[in-house]
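Enquirer: I have a structure here, written as structure tokens, and I will follow up with some questions on it.
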Amino acid sequence: DGGITQSPKYLFRKEGQNVTLSCEQNLNHDAMYWYRQDPGQGLRLIYYSQIVNDFQKGDIAEGYSVSREKKESFPLTVTSAQKNPTAFYLCASSIYGARQGLSSYNEQFFGPGTRLTVL
Amino acid sequence: GEDVEQSLFLSVREGDSSVINCTYTDSSSTYLYWYKQEPGAGLQLLTYIFSNMDMKQDQRLTVLLNKKDKHLSLRIADTQTGDSAIYFCAETSTGNQFYFGTGTSLTVIP
């Protein structure tokens with residue numbers, strides 16, 4: 001079955017520790033994304049990657065880091081510099097990374113999410 | 001980023017129709033989407049509409065797009081308890097960056 005997996009589903013971290021969230025896709029998608037979800041705030045973009053070995057900051061990148069060494073993997077590290085890391089983290093992918101023609105359809109597929117709690 | 005806004009909550013009785021509304025600011029939107037999120041899960045695409053369309057129907061779902069007013073709506077006919085979830089609208093103009101609303105929590109009362 002093709003899809004996106006995130007692990008672990010629940011993650012607990014002590015203050016001051018870095019933690020890495022895993023995201024893997026076997027859809028052969030070029031682009032991958034990380035979002036943070038807080039109640040009443042919808043989805044906020046942390047980082048995205050349009051191709052391997054390239055990524056860009058989203059709206060709330062401070063305190064986070066990513067890598068894209070393989071097409072199918074886009075891990076997110078929550079560093080100790082992130083002041084309020086407790087949240088639900090969603091990974092997504094889409095077929096295209098670069099802009100296609102106006103009529104080219106593109107959609108995001110989402111993983112099941114990781115809930116991070118800082119103790 | 002672009003602004004996409006939704007009301008936070010909606011309650012309906014089972015069997016009634018639900019209408020979830022969304023407004024957006026991006027005048028260059030090409031595709032607009034509706035996603036459903038059940039508790040503790042990721043987002044699942046329900047339907048989408050291309051910006052040159054006014055309406056799209058898919059079984060119990062009807063999407064209306066008013067491009068002039070930048071207003072998108074999702075109508076769910078014969079709403080069931082299984083439809084209780086958070087619904088997100090999203091839009092893209094580039095095809096590779098997507099902007100999401102805050103989500104509308106739909107509660108279906110039996």
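Letters A, B, ... go to the chains of the structure tokens in the order shown; residues in each chain start at 1; ligands are counted from 1 in the same order.
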Pull out every residue of chain A sitting within 9 Å of chain B, counting only C-alpha atoms, and send them as JSON, numbers by chain.

Expert: {"A": [31, 39, 40, 41, 42, 43, 44, 45, 48, 50, 59, 88, 90, 91, 94, 95, 96, 97, 98, 99, 100, 101, 102, 103, 104, 105, 106, 107, 108, 109, 110, 111, 112, 113, 114, 115]}

Enquirer: Step one, run DSSP on the backbone; step two, keep only residues of chain A assigned to strand (DSSP E or B); then write them as a ChimeraX atom specification.

Expert: /A:4-7,10-13,19-25,31-38,42-49,56-57,64-66,70,73,76-78,87-94,108-110,114-118

Enquirer: Any idea what the distance is between CA of Leu116 in chain A and CA of Lys83 in chain A?

Expert: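 Interatomic distance, CA of Leu116 in chain A to CA of Lys83 in chain A: 13.2 Å.
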
Enquirer: Just want the 9 Å neighbourhood of Glu72 in chain A, counted on only C-alpha atoms, with same-chain residues fewer than 3 positions away dropped. Output as a PyMOL selection string.

Expert: chain A and resi 23-30+32+52+68-69

Enquirer: Save out the residues we just selected, N, CA, C and O atoms, as a tab-separated table (two decimals), in the first residue's frame.

Expert:
```tsv
chain	number	residue	atom	x	y	z
A	23	CYS	N	9.22	10.88	9.13
A	23	CYS	CA	8.20	10.92	8.08
A	23	CYS	C	8.75	10.21	6.85
A	23	CYS	O	9.82	10.59	6.34
A	24	GLU	N	8.04	9.19	6.40
A	24	GLU	CA	8.45	8.41	5.24
A	24	GLU	C	7.27	8.29	4.27
A	24	GLU	O	6.13	8.09	4.71
A	25	GLN	N	7.55	8.40	2.96
A	25	GLN	CA	6.49	8.20	1.97
A	25	GLN	C	7.01	7.29	0.86
A	25	GLN	O	8.18	7.36	0.48
A	26	ASN	N	6.12	6.43	0.37
A	26	ASN	CA	6.48	5.54	-0.74
A	26	ASN	C	5.62	5.83	-1.96
A	26	ASN	O	5.33	4.94	-2.76
A	27	LEU	N	5.21	7.10	-2.09
A	27	LEU	CA	4.36	7.53	-3.19
A	27	LEU	C	5.17	8.09	-4.36
A	27	LEU	O	4.59	8.50	-5.36
A	28	ASN	N	6.47	8.14	-4.20
A	28	ASN	CA	7.37	8.72	-5.20
A	28	ASN	C	7.06	10.21	-5.44
A	28	ASN	O	7.21	10.72	-6.56
A	29	HIS	N	6.65	10.88	-4.38
A	29	HIS	CA	6.35	12.31	-4.48
A	29	HIS	C	7.61	13.14	-4.37
A	29	HIS	O	8.52	12.82	-3.59
A	30	ASP	N	7.64	14.23	-5.13
A	30	ASP	CA	8.80	15.12	-5.07
A	30	ASP	C	8.82	15.96	-3.80
A	30	ASP	O	9.86	16.19	-3.20
A	32	MET	N	7.71	17.40	0.05
A	32	MET	CA	7.28	16.99	1.39
A	32	MET	C	7.20	18.21	2.28
A	32	MET	O	7.90	19.21	2.06
A	52	VAL	N	14.96	16.58	-3.45
A	52	VAL	CA	16.00	16.05	-2.56
A	52	VAL	C	17.12	17.07	-2.40
A	52	VAL	O	17.47	17.79	-3.32
A	68	ARG	N	16.72	16.47	3.94
A	68	ARG	CA	16.07	15.73	2.86
A	68	ARG	C	17.16	15.05	2.04
A	68	ARG	O	17.47	15.43	0.92
A	69	GLU	N	17.70	14.01	2.63
A	69	GLU	CA	18.79	13.28	1.97
A	69	GLU	C	18.27	12.22	1.00
A	69	GLU	O	18.97	11.81	0.08
```

Enquirer: Quick one: pull the distance between CA of Trp34 in chain B and CA of Leu46 in chain B, Å, one decimal.

Expert: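 CA of Leu46 in chain B lies at a distance of 5.6 Å from CA of Trp34 in chain B.
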
Enquirer: With only C-alpha atoms as the basis for distance, which of B:Lys36, B:Lys56, B:Leu106, B:Thr62 is at the shortest distance from Leu74 in chain B?

Expert: B:Thr62
